[in-house]
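Just final_33.cif here, mmCIF, C-alpha atoms and all ligand atoms:
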```
data_model
#
loop_
_atom_site.group_PDB
_atom_site.id
_atom_site.type_symbol
_atom_site.label_atom_id
_atom_site.label_comp_id
_atom_site.auth_asym_id
_atom_site.auth_seq_id
_atom_site.Cartn_x
_atom_site.Cartn_y
_atom_site.Cartn_z
ATOM 1 C CA MET A 1 39.989 -14.662 21.592
ATOM 2 C CA THR A 2 43.668 -15.500 22.084
ATOM 3 C CA ILE A 3 45.449 -17.700 24.609
ATOM 4 C CA TYR A 4 48.836 -16.278 25.625
ATOM 5 C CA ASN A 5 50.903 -19.105 27.029
ATOM 6 C CA LEU A 6 54.099 -18.288 28.917
ATOM 7 C CA GLY A 7 55.549 -21.764 28.822
ATOM 8 C CA SER A 8 58.433 -24.188 28.539
ATOM 9 C CA ILE A 9 59.702 -25.794 25.362
ATOM 10 C CA ASN A 10 61.722 -28.969 25.867
ATOM 11 C CA ILE A 11 63.436 -31.467 23.666
ATOM 12 C CA ASP A 12 62.411 -34.903 24.963
ATOM 13 C CA LEU A 13 65.152 -37.504 24.468
ATOM 14 C CA VAL A 14 63.603 -40.876 25.258
ATOM 15 C CA TYR A 15 65.796 -43.965 25.759
ATOM 16 C CA ARG A 16 64.282 -47.418 26.182
ATOM 17 C CA VAL A 17 66.419 -49.493 28.578
ATOM 18 C CA PRO A 18 66.127 -53.035 30.040
ATOM 19 C CA HIS A 19 66.366 -51.517 33.553
ATOM 20 C CA LEU A 20 67.054 -48.031 34.944
ATOM 21 C CA PRO A 21 70.843 -47.500 35.208
ATOM 22 C CA GLY A 22 72.406 -47.537 38.681
ATOM 23 C CA PRO A 23 75.337 -45.426 39.930
ATOM 24 C CA GLY A 24 78.432 -45.907 37.749
ATOM 25 C CA GLU A 25 76.588 -48.159 35.293
ATOM 26 C CA THR A 26 76.825 -47.756 31.512
ATOM 27 C CA LEU A 27 73.837 -49.216 29.762
ATOM 28 C CA ALA A 28 72.975 -49.617 26.079
ATOM 29 C CA SER A 29 69.493 -48.447 25.160
ATOM 30 C CA THR A 30 67.345 -50.580 22.860
ATOM 31 C CA SER A 31 65.645 -47.621 21.190
ATOM 32 C CA PHE A 32 65.804 -43.845 21.038
ATOM 33 C CA SER A 33 63.412 -41.110 20.026
ATOM 34 C CA LYS A 34 63.541 -37.340 20.029
ATOM 35 C CA GLY A 35 60.335 -35.332 20.331
ATOM 36 C CA LEU A 36 58.833 -31.980 21.220
ATOM 37 C CA GLY A 37 57.884 -31.695 24.883
ATOM 38 C CA GLY A 38 57.667 -29.368 27.852
ATOM 39 C CA LYS A 39 54.405 -28.612 29.597
ATOM 40 C CA GLY A 40 54.197 -25.195 27.963
ATOM 41 C CA ALA A 41 54.636 -26.517 24.425
ATOM 42 C CA ASN A 42 52.173 -29.348 25.100
ATOM 43 C CA MET A 43 49.508 -26.881 26.264
ATOM 44 C CA SER A 44 50.089 -24.542 23.317
ATOM 45 C CA VAL A 45 49.719 -27.437 20.881
ATOM 46 C CA ALA A 46 46.637 -28.756 22.730
ATOM 47 C CA SER A 47 44.851 -25.402 22.675
ATOM 48 C CA THR A 48 45.725 -24.912 19.001
ATOM 49 C CA ARG A 49 44.574 -28.441 18.112
ATOM 50 C CA ALA A 50 41.355 -27.572 19.961
ATOM 51 C CA GLY A 51 40.826 -24.643 17.590
ATOM 52 C CA ALA A 52 42.146 -21.703 19.618
ATOM 53 C CA THR A 53 44.625 -19.043 18.575
ATOM 54 C CA CYS A 54 47.610 -19.496 20.874
ATOM 55 C CA VAL A 55 50.595 -17.194 21.203
ATOM 56 C CA HIS A 56 53.468 -19.024 22.860
ATOM 57 C CA ILE A 57 55.818 -16.846 24.939
ATOM 58 C CA GLY A 58 59.061 -18.712 25.554
ATOM 59 C CA ALA A 59 62.726 -19.234 24.745
ATOM 60 C CA ILE A 60 64.906 -21.861 23.091
ATOM 61 C CA GLY A 61 68.596 -22.199 22.215
ATOM 62 C CA ASP A 62 69.920 -22.429 18.674
ATOM 63 C CA ASP A 63 69.700 -26.232 19.039
ATOM 64 C CA GLY A 64 65.925 -25.920 19.252
ATOM 65 C CA ILE A 65 64.992 -24.076 16.054
ATOM 66 C CA TRP A 66 63.308 -27.274 14.823
ATOM 67 C CA ALA A 67 61.098 -27.255 17.949
ATOM 68 C CA LYS A 68 59.953 -23.706 17.213
ATOM 69 C CA ASP A 69 59.366 -24.633 13.556
ATOM 70 C CA ARG A 70 57.353 -27.653 14.627
ATOM 71 C CA LEU A 71 55.206 -25.537 16.966
ATOM 72 C CA GLN A 72 54.600 -23.171 14.062
ATOM 73 C CA SER A 73 53.672 -26.060 11.767
ATOM 74 C CA TYR A 74 51.089 -27.080 14.385
ATOM 75 C CA GLY A 75 49.548 -23.595 14.150
ATOM 76 C CA VAL A 76 51.028 -22.053 17.304
ATOM 77 C CA GLU A 77 52.007 -18.368 16.973
ATOM 78 C CA THR A 78 55.795 -18.452 17.547
ATOM 79 C CA ALA A 79 56.859 -14.824 16.969
ATOM 80 C CA PHE A 80 57.496 -14.412 20.714
ATOM 81 C CA ILE A 81 59.737 -17.452 21.116
ATOM 82 C CA ARG A 82 63.227 -16.002 21.478
ATOM 83 C CA VAL A 83 66.470 -17.749 20.586
ATOM 84 C CA SER A 84 68.690 -17.276 23.674
ATOM 85 C CA ASP A 85 72.366 -18.064 24.361
ATOM 86 C CA LEU A 86 71.395 -21.016 26.559
ATOM 87 C CA ALA A 87 70.633 -24.481 25.221
ATOM 88 C CA THR A 88 66.995 -25.442 24.714
ATOM 89 C CA GLY A 89 65.472 -27.071 27.792
ATOM 90 C CA ASN A 90 65.751 -30.812 27.530
ATOM 91 C CA ALA A 91 64.637 -33.948 29.276
ATOM 92 C CA ILE A 92 66.669 -37.152 29.187
ATOM 93 C CA ILE A 93 64.072 -39.829 29.829
ATOM 94 C CA ALA A 94 64.957 -43.466 30.525
ATOM 95 C CA VAL A 95 62.027 -45.890 30.351
ATOM 96 C CA ASP A 96 62.461 -49.514 31.445
ATOM 97 C CA ASP A 97 60.526 -52.631 30.465
ATOM 98 C CA ALA A 98 58.123 -52.159 33.387
ATOM 99 C CA ALA A 99 57.348 -48.622 32.068
ATOM 100 C CA GLU A 100 59.093 -47.134 35.126
ATOM 101 C CA ASN A 101 61.039 -44.004 34.208
ATOM 102 C CA SER A 102 63.768 -41.732 35.444
ATOM 103 C CA ILE A 103 64.231 -38.226 34.071
ATOM 104 C CA ILE A 104 67.020 -35.637 34.025
ATOM 105 C CA LEU A 105 65.595 -32.213 33.253
ATOM 106 C CA TYR A 106 67.768 -29.304 32.099
ATOM 107 C CA PRO A 107 65.688 -26.081 32.164
ATOM 108 C CA GLY A 108 68.115 -24.137 29.911
ATOM 109 C CA ALA A 109 66.505 -21.337 27.910
ATOM 110 C CA ASN A 110 63.176 -21.818 29.696
ATOM 111 C CA GLN A 111 64.725 -19.870 32.577
ATOM 112 C CA ALA A 112 65.915 -16.975 30.389
ATOM 113 C CA LEU A 113 62.653 -15.061 29.925
ATOM 114 C CA THR A 114 62.405 -11.358 30.690
ATOM 115 C CA GLU A 115 59.527 -9.214 31.874
ATOM 116 C CA ASP A 116 60.059 -6.925 28.879
ATOM 117 C CA GLU A 117 59.479 -9.655 26.326
ATOM 118 C CA ILE A 118 56.283 -10.744 28.080
ATOM 119 C CA LEU A 119 55.096 -7.139 28.028
ATOM 120 C CA VAL A 120 55.806 -6.869 24.290
ATOM 121 C CA ALA A 121 54.099 -10.216 23.578
ATOM 122 C CA LEU A 122 50.976 -9.149 25.480
ATOM 123 C CA GLY A 123 50.924 -5.971 23.314
ATOM 124 C CA THR A 124 47.261 -5.504 22.449
ATOM 125 C CA ALA A 125 45.912 -8.326 24.677
ATOM 126 C CA GLY A 126 42.898 -7.518 26.822
ATOM 127 C CA ALA A 127 39.857 -8.704 28.698
ATOM 128 C CA SER A 128 38.678 -11.148 26.045
ATOM 129 C CA ASP A 129 41.991 -13.055 26.160
ATOM 130 C CA ILE A 130 43.399 -15.733 28.443
ATOM 131 C CA PHE A 131 46.879 -15.865 29.980
ATOM 132 C CA LEU A 132 48.242 -19.274 30.914
ATOM 133 C CA THR A 133 51.432 -20.335 32.623
ATOM 134 C CA GLN A 134 52.934 -23.367 34.410
ATOM 135 C CA ASN A 135 55.946 -23.974 36.655
ATOM 136 C CA GLU A 136 58.660 -24.710 34.077
ATOM 137 C CA THR A 137 59.785 -21.167 33.209
ATOM 138 C CA ASN A 138 61.045 -18.180 35.148
ATOM 139 C CA ALA A 139 59.077 -14.900 35.261
ATOM 140 C CA GLN A 140 55.741 -16.521 36.179
ATOM 141 C CA VAL A 141 54.988 -13.868 38.817
ATOM 142 C CA GLU A 142 55.847 -11.033 36.440
ATOM 143 C CA GLY A 143 53.796 -12.602 33.635
ATOM 144 C CA VAL A 144 50.734 -13.144 35.822
ATOM 145 C CA LYS A 145 50.906 -9.575 37.124
ATOM 146 C CA LEU A 146 51.251 -8.055 33.637
ATOM 147 C CA ALA A 147 48.340 -10.145 32.364
ATOM 148 C CA LYS A 148 46.153 -9.282 35.359
ATOM 149 C CA ASP A 149 46.907 -5.574 34.954
ATOM 150 C CA LYS A 150 45.752 -5.806 31.324
ATOM 151 C CA GLY A 151 42.533 -7.510 32.386
ATOM 152 C CA LEU A 152 43.173 -10.989 30.926
ATOM 153 C CA ARG A 153 41.679 -14.097 32.541
ATOM 154 C CA VAL A 154 44.627 -15.772 34.248
ATOM 155 C CA ALA A 155 45.036 -19.563 34.361
ATOM 156 C CA TYR A 156 47.782 -21.549 36.087
ATOM 157 C CA ALA A 157 48.669 -25.213 35.857
ATOM 158 C CA ALA A 158 50.556 -26.002 39.055
ATOM 159 C CA ALA A 159 53.051 -28.443 37.601
ATOM 160 C CA PRO A 160 55.756 -29.454 38.239
ATOM 161 C CA PHE A 161 54.417 -28.733 41.727
ATOM 162 C CA GLU A 162 56.151 -26.287 44.030
ATOM 163 C CA ALA A 163 54.061 -24.779 46.825
ATOM 164 C CA LYS A 164 56.010 -21.486 46.801
ATOM 165 C CA ALA A 165 55.417 -21.010 43.059
ATOM 166 C CA VAL A 166 51.628 -21.441 43.368
ATOM 167 C CA GLU A 167 51.409 -19.331 46.500
ATOM 168 C CA ALA A 168 53.265 -16.503 44.717
ATOM 169 C CA VAL A 169 50.444 -16.123 42.161
ATOM 170 C CA LEU A 170 47.422 -17.661 43.922
ATOM 171 C CA ASP A 171 45.523 -14.459 44.692
ATOM 172 C CA GLN A 172 45.805 -13.308 41.036
ATOM 173 C CA LEU A 173 44.341 -16.454 39.459
ATOM 174 C CA ASP A 174 40.940 -16.931 37.818
ATOM 175 C CA LEU A 175 41.508 -20.608 36.997
ATOM 176 C CA LEU A 176 43.739 -23.198 38.639
ATOM 177 C CA PHE A 177 44.493 -26.705 37.314
ATOM 178 C CA LEU A 178 45.874 -29.321 39.715
ATOM 179 C CA ASN A 179 46.111 -33.087 39.635
ATOM 180 C CA GLU A 180 45.162 -35.054 42.725
ATOM 181 C CA VAL A 181 48.696 -35.159 44.179
ATOM 182 C CA GLU A 182 49.255 -31.462 43.536
ATOM 183 C CA ALA A 183 45.921 -30.597 45.202
ATOM 184 C CA GLN A 184 46.987 -32.589 48.255
ATOM 185 C CA GLN A 185 50.403 -30.890 48.341
ATOM 186 C CA LEU A 186 48.814 -27.446 48.042
ATOM 187 C CA GLN A 187 46.418 -28.250 50.875
ATOM 188 C CA GLU A 188 49.340 -29.323 53.068
ATOM 189 C CA ALA A 189 51.217 -26.098 52.265
ATOM 190 C CA THR A 190 48.330 -23.629 52.624
ATOM 191 C CA GLY A 191 45.880 -25.432 54.907
ATOM 192 C CA LEU A 192 43.232 -24.755 52.247
ATOM 193 C CA SER A 193 41.228 -27.452 50.481
ATOM 194 C CA PRO A 194 40.360 -26.786 46.791
ATOM 195 C CA GLU A 195 36.913 -25.324 47.627
ATOM 196 C CA ASN A 196 38.509 -22.805 49.976
ATOM 197 C CA LEU A 197 41.199 -21.523 47.633
ATOM 198 C CA PRO A 198 40.798 -17.853 46.620
ATOM 199 C CA VAL A 199 40.330 -18.803 42.933
ATOM 200 C CA LEU A 200 36.989 -18.678 41.076
ATOM 201 C CA ASP A 201 37.447 -21.949 39.168
ATOM 202 C CA VAL A 202 39.611 -24.809 40.422
ATOM 203 C CA ILE A 203 39.830 -28.090 38.511
ATOM 204 C CA VAL A 204 41.392 -31.130 40.171
ATOM 205 C CA THR A 205 42.073 -33.953 37.698
ATOM 206 C CA LEU A 206 41.954 -37.523 38.967
ATOM 207 C CA GLY A 207 43.528 -39.535 36.136
ATOM 208 C CA ALA A 208 41.307 -42.449 35.068
ATOM 209 C CA ARG A 209 38.707 -41.311 37.640
ATOM 210 C CA GLY A 210 37.968 -38.009 35.840
ATOM 211 C CA CYS A 211 37.990 -34.629 37.558
ATOM 212 C CA ARG A 212 36.274 -32.292 40.013
ATOM 213 C CA TRP A 213 35.354 -28.695 39.276
ATOM 214 C CA TYR A 214 35.142 -26.340 42.266
ATOM 215 C CA HIS A 215 33.204 -23.148 41.632
ATOM 216 C CA GLY A 216 31.451 -20.724 43.984
ATOM 217 C CA GLY A 217 31.347 -23.141 46.918
ATOM 218 C CA GLN A 218 30.018 -26.002 44.741
ATOM 219 C CA VAL A 219 31.802 -29.068 43.465
ATOM 220 C CA LEU A 220 30.834 -31.004 40.335
ATOM 221 C CA GLU A 221 32.318 -34.394 39.450
ATOM 222 C CA PHE A 222 33.025 -35.611 35.918
ATOM 223 C CA ASP A 223 33.895 -39.186 34.948
ATOM 224 C CA ALA A 224 36.805 -40.033 32.649
ATOM 225 C CA HIS A 225 36.191 -42.157 29.546
ATOM 226 C CA ARG A 226 37.157 -45.816 29.658
ATOM 227 C CA VAL A 227 40.077 -46.461 27.339
ATOM 228 C CA GLU A 228 43.090 -48.768 27.127
ATOM 229 C CA ALA A 229 45.825 -46.435 28.450
ATOM 230 C CA VAL A 230 49.334 -47.006 27.056
ATOM 231 C CA ASP A 231 51.080 -43.740 28.012
ATOM 232 C CA THR A 232 49.661 -41.052 30.297
ATOM 233 C CA THR A 233 52.355 -38.482 29.357
ATOM 234 C CA GLY A 234 50.707 -35.198 28.468
ATOM 235 C CA ALA A 235 47.191 -36.180 29.623
ATOM 236 C CA GLY A 236 46.954 -33.249 32.016
ATOM 237 C CA ASP A 237 48.503 -30.814 29.508
ATOM 238 C CA THR A 238 46.051 -31.907 26.801
ATOM 239 C CA PHE A 239 43.185 -31.524 29.279
ATOM 240 C CA THR A 240 44.242 -27.984 30.274
ATOM 241 C CA GLY A 241 44.787 -26.813 26.682
ATOM 242 C CA TYR A 242 41.409 -28.194 25.587
ATOM 243 C CA VAL A 243 39.498 -26.700 28.552
ATOM 244 C CA LEU A 244 40.935 -23.234 27.899
ATOM 245 C CA ALA A 245 40.373 -23.392 24.138
ATOM 246 C CA ALA A 246 36.763 -24.447 24.714
ATOM 247 C CA LEU A 247 36.160 -21.640 27.240
ATOM 248 C CA ASP A 248 37.769 -19.229 24.767
ATOM 249 C CA ARG A 249 35.237 -20.368 22.150
ATOM 250 C CA GLY A 250 32.420 -19.502 24.554
ATOM 251 C CA MET A 251 31.540 -22.975 25.850
ATOM 252 C CA ASN A 252 30.551 -23.240 29.492
ATOM 253 C CA MET A 253 32.730 -25.156 31.938
ATOM 254 C CA PRO A 254 30.859 -28.517 31.866
ATOM 255 C CA GLU A 255 30.984 -28.468 28.030
ATOM 256 C CA ALA A 256 34.684 -27.557 28.125
ATOM 257 C CA ILE A 257 35.440 -30.371 30.587
ATOM 258 C CA ASP A 258 33.487 -32.854 28.461
ATOM 259 C CA LEU A 259 35.552 -31.983 25.384
ATOM 260 C CA ALA A 260 38.828 -32.005 27.346
ATOM 261 C CA SER A 261 38.017 -35.404 28.903
ATOM 262 C CA ARG A 262 37.510 -36.895 25.449
ATOM 263 C CA ALA A 263 40.738 -35.325 24.135
ATOM 264 C CA SER A 264 42.818 -36.549 27.084
ATOM 265 C CA ALA A 265 41.266 -40.042 26.995
ATOM 266 C CA LEU A 266 42.358 -40.271 23.348
ATOM 267 C CA MET A 267 45.775 -38.901 24.303
ATOM 268 C CA VAL A 268 46.499 -41.701 26.823
ATOM 269 C CA THR A 269 45.939 -44.311 24.105
ATOM 270 C CA ARG A 270 49.067 -43.113 22.240
ATOM 271 C CA LEU A 271 52.801 -42.863 22.925
ATOM 272 C CA GLY A 272 54.411 -39.414 22.974
ATOM 273 C CA ALA A 273 53.765 -35.807 23.971
ATOM 274 C CA ALA A 274 53.047 -32.676 21.902
ATOM 275 C CA ASP A 275 53.403 -34.495 18.578
ATOM 276 C CA VAL A 276 50.448 -36.824 19.216
ATOM 277 C CA ILE A 277 47.846 -34.538 20.829
ATOM 278 C CA PRO A 278 44.591 -35.265 18.977
ATOM 279 C CA PRO A 279 42.936 -32.596 16.811
ATOM 280 C CA LEU A 280 39.418 -31.278 17.448
ATOM 281 C CA ALA A 281 37.819 -33.094 14.489
ATOM 282 C CA GLU A 282 39.005 -36.422 15.883
ATOM 283 C CA VAL A 283 37.964 -35.561 19.452
ATOM 284 C CA GLU A 284 34.459 -34.557 18.337
ATOM 285 C CA LYS A 285 34.023 -37.931 16.629
ATOM 286 C CA PHE A 286 35.335 -39.859 19.644
ATOM 287 C CA HIS A 287 32.487 -41.333 21.701
ATOM 288 C CA PRO A 288 34.004 -44.109 23.801
HETATM 289 P P1 LIG B 301 48.264 -35.212 35.003
HETATM 290 O O1 LIG B 301 48.763 -35.759 33.700
HETATM 291 O O2 LIG B 301 48.437 -33.732 35.121
HETATM 292 O O3 LIG B 301 48.740 -35.962 36.222
HETATM 293 P P2 LIG B 301 45.716 -36.643 35.169
HETATM 294 O O4 LIG B 301 46.489 -37.919 35.185
HETATM 295 O O5 LIG B 301 44.842 -36.361 36.341
HETATM 296 O O6 LIG B 301 46.662 -35.376 34.947
HETATM 297 O O7 LIG B 301 44.841 -36.647 33.830
HETATM 298 C C1 LIG B 301 44.159 -35.516 33.331
HETATM 299 C C2 LIG B 301 42.871 -35.946 32.677
HETATM 300 O O8 LIG B 301 43.172 -36.887 31.609
HETATM 301 C C3 LIG B 301 41.892 -36.692 33.585
HETATM 302 O O9 LIG B 301 41.045 -35.799 34.283
HETATM 303 C C4 LIG B 301 41.138 -37.579 32.588
HETATM 304 O O10 LIG B 301 40.077 -36.846 31.984
HETATM 305 C C5 LIG B 301 42.199 -37.898 31.532
HETATM 306 N N1 LIG B 301 42.850 -39.190 31.818
HETATM 307 C C6 LIG B 301 44.021 -39.408 32.453
HETATM 308 N N2 LIG B 301 44.294 -40.725 32.558
HETATM 309 C C7 LIG B 301 43.260 -41.377 31.957
HETATM 310 C C8 LIG B 301 42.923 -42.755 31.715
HETATM 311 N N3 LIG B 301 43.728 -43.745 32.129
HETATM 312 N N4 LIG B 301 41.774 -43.021 31.058
HETATM 313 C C9 LIG B 301 40.954 -42.023 30.618
HETATM 314 N N5 LIG B 301 41.209 -40.726 30.812
HETATM 315 C C10 LIG B 301 42.345 -40.379 31.473
#
```
Whole structure given in structure tokens:
Amino acid sequence: MTIYNLGSINIDLVYRVPHLPGPGETLASTSFSKGLGGKGANMSVASTRAGATCVHIGAIGDDGIWAKDRLQSYGVETAFIRVSDLATGNAIIAVDDAAENSIILYPGANQALTEDEILVALGTAGASDIFLTQNETNAQVEGVKLAKDKGLRVAYAAAPFEAKAVEAVLDQLDLLFLNEVEAQQLQEATGLSPENLPVLDVIVTLGARGCRWYHGGQVLEFDAHRVEAVDTTGAGDTFTGYVLAALDRGMNMPEAIDLASRASALMVTRLGAADVIPPLAEVEKFHP
């Protein structure tokens, strides 16, 4: 019924540069944009755009009130986004003419969450709800445990990848989302291939090659849609948010993956992150 997303909120500061700056170099950028980002925020917006009710559990600084307001304007429930003393998480992103990038990430308020506020946010949540988290906030272990104790279905998107972070919650998960590189890194760390992980549903996304769904010893492959990709930022986050919203609506996994594949194919045709995630009505009409 509701997706509770313990997740990051970042301010993305994107600078277009002729080349990535070297040590000691000062470089003028040719353009600048400021947008809403962070894997958590992206997934909250994606699940809301896909028609779900999503409660975002997170923190910002007083420089990020606009980000909270924007999440609210997109339909995300923001009552459990706290304004902390730390600055809002932010990413300084330099993109050169060859589309190569370099990123400085300041976690800021995303690391200021407390177990108590997660407990309060989960208030009346129960077995018909989904808990989601990723690796850009603190208190993931506490959040997963609280959600599991209350009987929620627990989903984890293992990005940015850190073997220790996944291993800390692995045996509590019902759903795990990995991209191809993350799946490989997890296999190296645990010795377990996706089909052998102790998680009921594992989805490994393969970019333009689609995804694989591992379930009960079986693996099903799904193709991606052919589109002209201009920016793959947020593809995985859009995919995850759409899959969970579809499951929440009672679709089965192949139906959920079909919808999510269409949403993320549309997403890679546009520049930007949370602000450009396509809405359900558009995704349903999209038959590439
Ligand atoms: P991440 O962004 O987490 O690395 P992927 O790149 O694997 O995730 O992309 C997630 C999903 O987005 C894929 O499974 C696919 O459905 C869709 N997707 C990604 N890139 C493309 C592309 N170039 N063309 C069509 N669909 C894409």
| Interatomic distance, atom CA of Asn110 of chain A to atom CA of Glu162 of chain A (Å, one decimal) |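 Result for atom CA of Asn110 of chain A versus atom CA of Glu162 of chain A: 16.6 Å, one decimal.
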| task | Measuring atom to atom with only C-alpha atoms, identify which of A:Ala125, A:Asp85, A:Gly37, A:Glu115 is nearest to Thr233 of chain A. | result | A:Gly37
Which residues of chain A have any atom within 9 Å of an atom in ligand LIG 301 (chain B) when counting all atoms listed in the file, and what is the closest pair of atoms for each, with the distance in Å to one decimal? Order the rows by chain and rising number and write it as JSON lines.
```
{"residue": "A:Ala157", "atom": "CA", "partner": "B:LIG301", "partner_atom": "O2", "distance": 8.6}
{"residue": "A:Ala158", "atom": "CA", "partner": "B:LIG301", "partner_atom": "O2", "distance": 8.9}
{"residue": "A:Ala159", "atom": "CA", "partner": "B:LIG301", "partner_atom": "O2", "distance": 7.4}
{"residue": "A:Phe177", "atom": "CA", "partner": "B:LIG301", "partner_atom": "O2", "distance": 8.4}
{"residue": "A:Leu178", "atom": "CA", "partner": "B:LIG301", "partner_atom": "O2", "distance": 6.9}
{"residue": "A:Asn179", "atom": "CA", "partner": "B:LIG301", "partner_atom": "O5", "distance": 4.8}
{"residue": "A:Glu180", "atom": "CA", "partner": "B:LIG301", "partner_atom": "O5", "distance": 6.5}
{"residue": "A:Val181", "atom": "CA", "partner": "B:LIG301", "partner_atom": "O3", "distance": 8.0}
{"residue": "A:Glu182", "atom": "CA", "partner": "B:LIG301", "partner_atom": "O3", "distance": 8.6}
{"residue": "A:Ile203", "atom": "CA", "partner": "B:LIG301", "partner_atom": "O9", "distance": 8.9}
{"residue": "A:Val204", "atom": "CA", "partner": "B:LIG301", "partner_atom": "O5", "distance": 7.3}
{"residue": "A:Thr205", "atom": "CA", "partner": "B:LIG301", "partner_atom": "O5", "distance": 3.9}
{"residue": "A:Leu206", "atom": "CA", "partner": "B:LIG301", "partner_atom": "O5", "distance": 4.1}
{"residue": "A:Gly207", "atom": "CA", "partner": "B:LIG301", "partner_atom": "O5", "distance": 3.4}
{"residue": "A:Ala208", "atom": "CA", "partner": "B:LIG301", "partner_atom": "C8", "distance": 3.7}
{"residue": "A:Arg209", "atom": "CA", "partner": "B:LIG301", "partner_atom": "C4", "distance": 6.7}
{"residue": "A:Gly210", "atom": "CA", "partner": "B:LIG301", "partner_atom": "O9", "distance": 4.1}
{"residue": "A:Cys211", "atom": "CA", "partner": "B:LIG301", "partner_atom": "O9", "distance": 4.6}
{"residue": "A:Arg212", "atom": "CA", "partner": "B:LIG301", "partner_atom": "O9", "distance": 8.2}
{"residue": "A:Phe222", "atom": "CA", "partner": "B:LIG301", "partner_atom": "O10", "distance": 8.2}
{"residue": "A:Asp223", "atom": "CA", "partner": "B:LIG301", "partner_atom": "O10", "distance": 7.2}
{"residue": "A:Ala224", "atom": "CA", "partner": "B:LIG301", "partner_atom": "O10", "distance": 4.6}
{"residue": "A:His225", "atom": "CA", "partner": "B:LIG301", "partner_atom": "C9", "distance": 4.9}
{"residue": "A:Arg226", "atom": "CA", "partner": "B:LIG301", "partner_atom": "C9", "distance": 5.5}
{"residue": "A:Val227", "atom": "CA", "partner": "B:LIG301", "partner_atom": "N4", "distance": 5.3}
{"residue": "A:Glu228", "atom": "CA", "partner": "B:LIG301", "partner_atom": "N4", "distance": 7.1}
{"residue": "A:Ala229", "atom": "CA", "partner": "B:LIG301", "partner_atom": "N3", "distance": 5.0}
{"residue": "A:Val230", "atom": "CA", "partner": "B:LIG301", "partner_atom": "N3", "distance": 8.2}
{"residue": "A:Asp231", "atom": "CA", "partner": "B:LIG301", "partner_atom": "N3", "distance": 8.4}
{"residue": "A:Thr232", "atom": "CA", "partner": "B:LIG301", "partner_atom": "N2", "distance": 5.8}
{"residue": "A:Thr233", "atom": "CA", "partner": "B:LIG301", "partner_atom": "O1", "distance": 6.3}
{"residue": "A:Gly234", "atom": "CA", "partner": "B:LIG301", "partner_atom": "O1", "distance": 5.6}
{"residue": "A:Ala235", "atom": "CA", "partner": "B:LIG301", "partner_atom": "O1", "distance": 4.4}
{"residue": "A:Gly236", "atom": "CA", "partner": "B:LIG301", "partner_atom": "O2", "distance": 3.5}
{"residue": "A:Asp237", "atom": "CA", "partner": "B:LIG301", "partner_atom": "O2", "distance": 6.3}
{"residue": "A:Thr238", "atom": "CA", "partner": "B:LIG301", "partner_atom": "O8", "distance": 7.5}
{"residue": "A:Phe239", "atom": "CA", "partner": "B:LIG301", "partner_atom": "C2", "distance": 5.6}
{"residue": "A:Thr240", "atom": "CA", "partner": "B:LIG301", "partner_atom": "C1", "distance": 8.1}
{"residue": "A:Ile257", "atom": "CA", "partner": "B:LIG301", "partner_atom": "O10", "distance": 8.1}
{"residue": "A:Asp258", "atom": "CA", "partner": "B:LIG301", "partner_atom": "O10", "distance": 8.5}
{"residue": "A:Ala260", "atom": "CA", "partner": "B:LIG301", "partner_atom": "O10", "distance": 6.8}
{"residue": "A:Ser261", "atom": "CA", "partner": "B:LIG301", "partner_atom": "O10", "distance": 4.0}
{"residue": "A:Arg262", "atom": "CA", "partner": "B:LIG301", "partner_atom": "O10", "distance": 7.0}
{"residue": "A:Ala263", "atom": "CA", "partner": "B:LIG301", "partner_atom": "C5", "distance": 8.0}
{"residue": "A:Ser264", "atom": "CA", "partner": "B:LIG301", "partner_atom": "O8", "distance": 4.6}
{"residue": "A:Ala265", "atom": "CA", "partner": "B:LIG301", "partner_atom": "N5", "distance": 3.9}
{"residue": "A:Leu266", "atom": "CA", "partner": "B:LIG301", "partner_atom": "N5", "distance": 7.6}
{"residue": "A:Met267", "atom": "CA", "partner": "B:LIG301", "partner_atom": "O8", "distance": 8.0}
{"residue": "A:Val268", "atom": "CA", "partner": "B:LIG301", "partner_atom": "C7", "distance": 6.1}
{"residue": "A:Thr269", "atom": "CA", "partner": "B:LIG301", "partner_atom": "N4", "distance": 8.2}
```
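Between Ile104 of chain A and the candidates A:Ala121, A:Ala165, A:Ala189, A:Leu13, the tightest atom-to-atom separation, counting only C-alpha atoms, involves A:Leu13.
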| message | My list of candidates is A:Gln184, A:Lys68, A:Ala91, A:Tyr4. Which is closest to Leu122 of chain A when distances are computed with all atoms listed in the file? | response |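 The closest residue to Leu122 of chain A is A:Tyr4.
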| said: Ranking A:Gly24, A:Gly64, A:Pro18, A:Gly143 by minimum distance to Gly89 of chain A and counting only C-alpha atoms, which one comes first? | reply: A:Gly64
| request: Could you expand the PyMOL selection byres (((chain A and resi 138) around 12) and not hetatm) into the explicit residues it covers here, written as an MDAnalysis selection string? | output: chainID A and resid 6:8 57:59 107:115 118 133:137 139:144 165
Axis-aligned box over every listed atom of segment 240-256 of chain A, padded by 3 Å per side: centre and edges in Å to one decimal, as JSON?
```
{"center_x": 37.7, "center_y": -23.9, "center_z": 27.0, "size_x": 20.2, "size_y": 15.3, "size_z": 15.8}
```
| query | Which is closest to Tyr242 of chain A among A:Ile277, A:Leu170, A:Val219, A:Val95, if we use all atoms listed in the file? | reply |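 Nearest to Tyr242 of chain A: A:Ile277.
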| task | Tell me which protein, DNA and RNA residues are within 8 Å of Leu280 of chain A, counting only C-alpha atoms, leaving out same-chain ones fewer than 6 positions away, and put them as a ChimeraX atom specification. | result | /A:49-51,263
Export, as an mmCIF file, in the coordinates of the input, the selected residues with C-alpha atoms.
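Everything below was put into out.cif:
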```cif
data_model
loop_
_atom_site.group_PDB
_atom_site.id
_atom_site.type_symbol
_atom_site.label_atom_id
_atom_site.label_comp_id
_atom_site.auth_asym_id
_atom_site.auth_seq_id
_atom_site.Cartn_x
_atom_site.Cartn_y
_atom_site.Cartn_z
ATOM 1 C CA ARG A 49 44.574 -28.441 18.112
ATOM 2 C CA ALA A 50 41.355 -27.572 19.961
ATOM 3 C CA GLY A 51 40.826 -24.643 17.590
ATOM 4 C CA ALA A 263 40.738 -35.325 24.135
#
```
